[in-house]
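A.B. asks: Have a look at the structure that comes next, please.
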Amino acid sequence: MTATTLPRRPGWLAGRATGPRLARHTLTLIALAVLVLPLADLSVVTRDPWATLGRMIQGLAWPDVTAIESPFHALGLTVSVALWGTLAGVVLGFPLALLFARSRLVRAGCAFVRAIHELFWALLFLQVFGLSALTALAALAIPYAGIFAKVFAEILEQTPRAPSDALPPGVGRLSRFLYAELPLAWAQLAAYTRYRFECGLRASVLLGFVGLPTLGFQLETAFREARYPEAGALLWCFYLLIATLPWWSHRRLVPLLLVGGAFLLGPWPAVDGGLLWRFVSQDLWPAPLLAGDWAGLADWFASVPDLGPAIGHTLLLALLGTVGALLVALALWPLASRHFGHPASRLAGRGLLVFLRSTPELLLAFVFLLLLGPSMLPAWLALALHNGALIAFLAARHADALEPGMPGLPASGRLAYELLPRVYPSLLALLYYRAEVILRETAILGMLGVSTLGYYIDENFQYLMFDTAAFLLLVTAGLNIAVDALSRRLRPREVPLEDPCLR
Amino acid sequence: MRWIAASAAALALFTQGAAADTFRFTAIPDEDQSRLVERFSKVADYLEEKLDVDVEYVPVKSYGAAVTAFRNDQVQLAWFGGLSGVQARRLVPGSQAIAQGAEDAAFKTYFIAHESTGLNAGDELPDAVEDMSFTFGSRTSTSGRLMPDYYLRQRFDEAPDEVFSRVGFSGDHTRTISLVEAGTYQLGAVNYAVWDAAVEDGRVDTDKVKVIWSTPTYPDYQWTIRGDADERFGDGFSDKVREALLEMDEPELLDSFPRSAFIPADNAMYAPIEDVAEALGLLR
């Protein structure tokens, strides 16, 4: 046997096999991030952050539970907003999922509602429904309906066709769906809904930042006013809530939680049709446009912040955040997987992931702001760590379901030759789903002075210039839809996602 | 048993929400926003006793949300900052500023600097502050944004982002102090009352950060009531509210704001704030 009779062995990273293709893909992504790095403002200014950081660490280590005002109400409300918000999202999203493949209008509508961050939906509804459970539920249910429609549609599309094909021809569409399609998809639909509920919990806390009385309400104030023992206690409450989620969210308990939660959501506001109409017909539109004053409209456009730099910063931060999240996820997932380490190290690894994915990005960003000074760097690190930890958590869960075929390998070999190659495609696919989320989250890091689109949206909500905010929201939604379409095209298609939670 | 209690509590909440003629107010203190409901419920109790109507406190997080609640008639009385009060009175024609804190007639902003800048207190902002980094407080704060922005433009004839190498919005006065103390930003603008309270309580290391300049005085926080309050709660109701506020003398209630007493105020006092806000493009 000579070398000439064999097909030439492809060079390093060359060839059409899945491995090299994904490797090329990843390296391109990282190279792109490195290439745009000089555009980002990453200067480090540190003087003496340790006094404040020391107080923060002290607060987390010695939390003061007694400082929390009605902790059970805040916890209960956080859970019930998440639960009812997710439920409403399912109820709205499921019928849309059935139309998703057929209607371009439904797809576009879902992409649009998904593209706007929950916090911005909350700020919109706040203008009409005030600080009420209705605002909170609508802020969760509307974007979640768009997400459920998309993911449910993809799950249903992937259910095996054989049982449906085996039915006799006269069977109606409804029976076909109920008996031959839904039961097969049920487990995945339920698993995804459960995962979305955890996202809902995080979002529910975040809604407190705009004033709804969930855990985030007190957390944001305590943290902002440097009352760290109180902030620490609230954070611990939330970590425990997330860490014990598998136990208390058992499906037999869900009806009980739903009924109990419903009591916490009141009082319901009287919906004032006049307010709603004024907001929709006047506040959201530029005054010159309503008056038909075209010269005035030109002035109005001149008063809108420069879109070019804002879009540039948004995309830059999102790209860096995505690549950062990939690196963080790669480094962290083995820490929480059953294939590595011993029980104590896994517990620590899982704890770290709960810590990173449950701490609101704003808080992480503030810590880095103290450590590194004002620039894009704190925002980047916060996005990368938070989202990276989330992806790592899902990747570890995926890996735990796999059985290594070569039991004798040492840990490094198991990682490099067995598990990583099997986990990596779905990890990358997950990253592409997450890119859309990261883009949305750049919006809420405006506090750091990174002038993303979200920074200006927040600013205009504060100045009560809803027309400008609405215009910028439209721009943001357009950008999100474009990025989503792009990431769908780029996403490696080799491995279909079997676990719906990896989306 | 617990179920019955929970249902009863929920029912109470529902009926309370449905009662039409509850007089609602909101307030955001400029410091220490802990236990808001507990503290301001006492103020609600006080007003209830004086006014003879049901009074309820509505906790609100930001000035923007407070103005919206006022505009939408979800609250009829609000303790606003200077700018938010002007915004609210523009959106609700007929509404009146009725009282301000004794401290608010002559409010001021301190410019603070980290010790590494080597700057010292003086009668005006030194030229050396140019090209340093600087943080405001919240974007719509009168003392943390509006007035310092105005005086910076007066002093340097340029927008703040041209004067300084970097301009941030910390979001809060306490946080401005923390950030300048840590040297994250070299300079900051902070509400004088919050600074004085922090120094008094030893929450700030005055070796690391100090005041380098104080702005001239301007009017700030005030109580504003909706114009249709008399119509809904009876003739002379606004005057009764004003009286009740001016007569408030229990330190426990006043400390929540925190103010030593309330004194009369009117819309005209806030004309300078309105002019500055318009000039800066924060109002239109």
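Numbering starts fresh at 1 for the residues of each chain in the structure tokens, the chains themselves are lettered A, B, ... in the order given, and ligands are numbered from 1 as they appear.
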Considering only C-alpha atoms, tabulate each residue of chain B that lies at most 8 Å from chain A along with its nearest interatomic pair and the corresponding distance in Å to one decimal; arrange the rows by chain and ascending residue number and present them as a Markdown table.

C.D. replies:
| residue | atom | partner | partner_atom | distance |
| --- | --- | --- | --- | --- |
| B:Ala6 | CA | A:Phe263 | CA | 7.4 |
| B:Ser7 | CA | A:Phe263 | CA | 7.0 |
| B:Ala10 | CA | A:Phe263 | CA | 5.6 |
| B:Leu13 | CA | A:Pro267 | CA | 5.6 |
| B:Phe14 | CA | A:Pro267 | CA | 4.9 |
| B:Gln16 | CA | A:Pro267 | CA | 7.8 |
| B:Gly17 | CA | A:Pro267 | CA | 5.5 |
| B:Ala18 | CA | A:Ala270 | CA | 7.9 |
| B:Glu31 | CA | A:Glu225 | CA | 7.7 |
| B:Asp32 | CA | A:Glu225 | CA | 6.9 |
| B:Gln33 | CA | A:Thr221 | CA | 6.7 |
| B:Ser34 | CA | A:Ala222 | CA | 7.1 |
| B:Arg35 | CA | A:Glu69 | CA | 5.7 |
| B:Pro59 | CA | A:Gly211 | CA | 8.0 |
| B:Val60 | CA | A:Gly211 | CA | 5.9 |
| B:Lys61 | CA | A:Gly211 | CA | 4.7 |
| B:Ser62 | CA | A:Val210 | CA | 7.3 |
| B:Tyr63 | CA | A:Gln462 | CA | 7.7 |
| B:Gly64 | CA | A:Gln462 | CA | 5.2 |
| B:Ala65 | CA | A:Leu126 | CA | 7.6 |
| B:Thr68 | CA | A:Gln127 | CA | 6.1 |
| B:Ala69 | CA | A:Gly130 | CA | 6.4 |
| B:Asn72 | CA | A:Leu275 | CA | 7.1 |
| B:Gln74 | CA | A:Gly130 | CA | 7.3 |
| B:Arg139 | CA | A:Glu459 | CA | 7.3 |
| B:Thr140 | CA | A:Gln462 | CA | 6.7 |
| B:Val167 | CA | A:Gly449 | CA | 7.4 |
| B:Gly168 | CA | A:Gly449 | CA | 5.3 |
| B:Phe169 | CA | A:Met447 | CA | 6.4 |
| B:Ser170 | CA | A:Met447 | CA | 6.6 |
| B:Gly171 | CA | A:Met447 | CA | 7.1 |
| B:Asp172 | CA | A:Arg224 | CA | 6.7 |
| B:Thr174 | CA | A:Glu225 | CA | 5.4 |
| B:Arg175 | CA | A:Arg224 | CA | 6.1 |
| B:Ser178 | CA | A:Thr52 | CA | 6.9 |
| B:Leu179 | CA | A:Leu370 | CA | 7.0 |
| B:Glu181 | CA | A:Asp48 | CA | 7.9 |
| B:Ala182 | CA | A:Pro49 | CA | 4.6 |
| B:Gly183 | CA | A:Arg47 | CA | 5.1 |
| B:Thr184 | CA | A:Gly373 | CA | 4.8 |
| B:Tyr185 | CA | A:Gly373 | CA | 7.3 |
| B:Leu282 | CA | A:Tyr463 | CA | 6.2 |
| B:Leu283 | CA | A:Tyr463 | CA | 7.3 |

A.B. asks: Which neighbours of Thr26 (chain B) fall inside 8 Å, counting only C-alpha atoms, when residues of the same chain fewer than 6 positions from it are skipped, and could you give them as a ChimeraX atom specification?

C.D. replies: /B:57-60,66,75,77-79

A.B. asks: As a PDB file with N, CA and C atoms, in the first residue's frame, please: every residue in region 70-111 of chain B that a backbone DSSP assignment puts in helix (DSSP H, G or I).

C.D. replies:
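This went into result-v7.pdb:
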ATOM      1  N   PHE B  70     -48.846  60.363  37.278  1.00  0.00           N
ATOM      2  CA  PHE B  70     -49.528  61.636  37.531  1.00  0.00           C
ATOM      3  C   PHE B  70     -50.362  62.024  36.308  1.00  0.00           C
ATOM      4  N   ARG B  71     -49.774  61.885  35.144  1.00  0.00           N
ATOM      5  CA  ARG B  71     -50.455  62.236  33.899  1.00  0.00           C
ATOM      6  C   ARG B  71     -51.696  61.367  33.699  1.00  0.00           C
ATOM      7  N   GLY B  82     -37.301  68.938  40.619  1.00  0.00           N
ATOM      8  CA  GLY B  82     -37.576  70.167  39.891  1.00  0.00           C
ATOM      9  C   GLY B  82     -38.032  69.902  38.470  1.00  0.00           C
ATOM     10  N   LEU B  83     -37.229  69.107  37.723  1.00  0.00           N
ATOM     11  CA  LEU B  83     -37.527  68.856  36.320  1.00  0.00           C
ATOM     12  C   LEU B  83     -38.775  68.003  36.144  1.00  0.00           C
ATOM     13  N   SER B  84     -38.897  66.931  36.952  1.00  0.00           N
ATOM     14  CA  SER B  84     -40.064  66.067  36.772  1.00  0.00           C
ATOM     15  C   SER B  84     -41.347  66.822  37.081  1.00  0.00           C
ATOM     16  N   GLY B  85     -41.279  67.764  38.033  1.00  0.00           N
ATOM     17  CA  GLY B  85     -42.444  68.584  38.340  1.00  0.00           C
ATOM     18  C   GLY B  85     -42.850  69.436  37.140  1.00  0.00           C
ATOM     19  N   VAL B  86     -41.847  70.029  36.480  1.00  0.00           N
ATOM     20  CA  VAL B  86     -42.134  70.845  35.299  1.00  0.00           C
ATOM     21  C   VAL B  86     -42.742  69.974  34.195  1.00  0.00           C
ATOM     22  N   GLN B  87     -42.154  68.788  33.984  1.00  0.00           N
ATOM     23  CA  GLN B  87     -42.692  67.867  32.970  1.00  0.00           C
ATOM     24  C   GLN B  87     -44.150  67.549  33.276  1.00  0.00           C
ATOM     25  N   ALA B  88     -44.423  67.230  34.549  1.00  0.00           N
ATOM     26  CA  ALA B  88     -45.764  66.801  34.940  1.00  0.00           C
ATOM     27  C   ALA B  88     -46.760  67.946  34.752  1.00  0.00           C
ATOM     28  N   ARG B  89     -46.386  69.167  35.143  1.00  0.00           N
ATOM     29  CA  ARG B  89     -47.336  70.284  35.055  1.00  0.00           C
ATOM     30  C   ARG B  89     -47.600  70.666  33.610  1.00  0.00           C
ATOM     31  N   ARG B  90     -46.630  70.414  32.725  1.00  0.00           N
ATOM     32  CA  ARG B  90     -46.870  70.661  31.303  1.00  0.00           C
ATOM     33  C   ARG B  90     -47.854  69.649  30.737  1.00  0.00           C
ATOM     34  N   LEU B  91     -47.762  68.413  31.211  1.00  0.00           N
ATOM     35  CA  LEU B  91     -48.610  67.347  30.664  1.00  0.00           C
ATOM     36  C   LEU B  91     -50.020  67.393  31.233  1.00  0.00           C
ATOM     37  N   ASP B 104     -35.545  73.247  49.758  1.00  0.00           N
ATOM     38  CA  ASP B 104     -35.626  73.238  48.302  1.00  0.00           C
ATOM     39  C   ASP B 104     -35.664  74.618  47.673  1.00  0.00           C
ATOM     40  N   ALA B 105     -35.919  75.657  48.486  1.00  0.00           N
ATOM     41  CA  ALA B 105     -35.963  77.002  47.927  1.00  0.00           C
ATOM     42  C   ALA B 105     -34.575  77.381  47.417  1.00  0.00           C
ATOM     43  N   ALA B 106     -33.538  76.912  48.124  1.00  0.00           N
ATOM     44  CA  ALA B 106     -32.164  77.214  47.713  1.00  0.00           C
ATOM     45  C   ALA B 106     -31.365  75.915  47.668  1.00  0.00           C
TER      46      ALA B 106
END

A.B. asks: Would you pick out the contacts of Ala411 (chain A) at 12 Å or less, using only C-alpha atoms, so that residues sharing its chain but fewer than 3 positions from it are not included, and give the list as a list in words?

C.D. replies: Pro334, Leu335, Ser337, Arg338, His339, Phe340, Gly341, His342, Pro404, Met406, Pro407, Gly408, Arg414, Leu415, Ala416, Tyr417, Glu418, Leu419 and Leu420 of chain A

A.B. asks: Write out as a list in words which residues come within 8 Å of Ala159 (chain B) when counting only C-alpha atoms, dropping same-chain ones fewer than 5 positions away.

C.D. replies: Asp149, Leu152 and Arg153 of chain B

A.B. asks: So how many Å separate CA of Arg39 (chain B) and CA of Ile263 (chain B), to one decimal?

C.D. replies: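 Value for the CA of Arg39 (chain B)-CA of Ile263 (chain B) distance: 21.1 Å.
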
A.B. asks: Please report, as a VMD selection string, each residue of region 63-273 of chain B to which DSSP assigns strand (DSSP E) when run on this structure's backbone.

C.D. replies: chain B and resid 77 to 80 96 to 101 109 to 114 133 to 136 166 to 169 187 to 191 209 to 214 222 to 225 262 to 264

A.B. asks: Would you mind listing what lies within 8 Å of Val180 (chain B) as a CSV table (one decimal) with N, CA and C atoms, in the first residue's frame, with only C-alpha atoms counted and same-chain residues fewer than 6 positions away left out?

C.D. replies:
chain,number,residue,atom,x,y,z
B,112,ILE,N,-17.8,67.1,42.8
B,112,ILE,CA,-16.8,66.4,43.6
B,112,ILE,C,-15.7,65.8,42.7
B,113,ALA,N,-14.5,65.7,43.4
B,113,ALA,CA,-13.4,65.2,42.6
B,113,ALA,C,-12.6,64.2,43.4
B,114,HIS,N,-12.0,63.2,42.7
B,114,HIS,CA,-11.1,62.2,43.3
B,114,HIS,C,-9.8,62.9,43.7
B,186,GLN,N,-13.3,60.7,37.5
B,186,GLN,CA,-12.5,61.6,38.2
B,186,GLN,C,-13.3,62.7,38.9
B,187,LEU,N,-14.4,63.0,38.2
B,187,LEU,CA,-15.3,64.1,38.7
B,187,LEU,C,-16.7,63.6,38.7
B,188,GLY,N,-17.6,64.3,39.6
B,188,GLY,CA,-19.0,63.9,39.5
B,188,GLY,C,-19.8,65.1,40.0
B,209,VAL,N,-12.2,61.6,48.2
B,209,VAL,CA,-13.1,62.4,47.3
B,209,VAL,C,-13.6,63.7,48.1

A.B. asks: Which of these, B:Leu146, B:Ala279, B:Ala229, B:Leu119, has the shortest distance to Asp73 (chain B) once you count only C-alpha atoms?

C.D. replies: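 Among B:Leu146, B:Ala279, B:Ala229, B:Leu119, it is B:Ala229 that comes nearest to Asp73 (chain B).
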
A.B. asks: Which residues are near Pro29 (chain B)? Cut-off 9 Å, only C-alpha atoms, ignore same chain within fewer than 6 positions. Put them as a list in words.

C.D. replies: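 Here the qualifying residues turn out to be Leu36, Trp79, Phe80, Ser256, Phe257 and Pro258 of chain B.
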
A.B. asks: For region 237-253 of chain A, find every residue with an atom within 9 Å (counting only C-alpha atoms), except residues of its own chain fewer than 2 positions away, and show them as a list in words.

C.D. replies: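 Contacts, with the query itself left out: Pro71, Leu75, Arg194, Glu198, Leu201, Arg202, Val205, Leu215, Gly232, Ala233, Leu234, Leu235, Pro255, Leu256, Leu257, Leu258, Arg350, Gly351, Val354, Phe355, Ser358 and Thr359 of chain A.
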
A.B. asks: With only C-alpha atoms as the basis for distance, which of A:Gly312, A:Val367, A:Tyr424, A:Ala396 is at the shortest distance from Thr442 (chain A)?

C.D. replies: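 Distance minimum relative to Thr442 (chain A) lands on A:Gly312.
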
A.B. asks: Report, in Å with one decimal, the straight-line distance from CA of Leu174 (chain A) to CA of Phe148 (chain A).

C.D. replies: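 These two atoms are separated by 20.4 Å.
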
A.B. asks: Provide the CA of Ala399 (chain A) to CA of Ala331 (chain A) distance in Å, to one decimal place.

C.D. replies: 14.2 Å
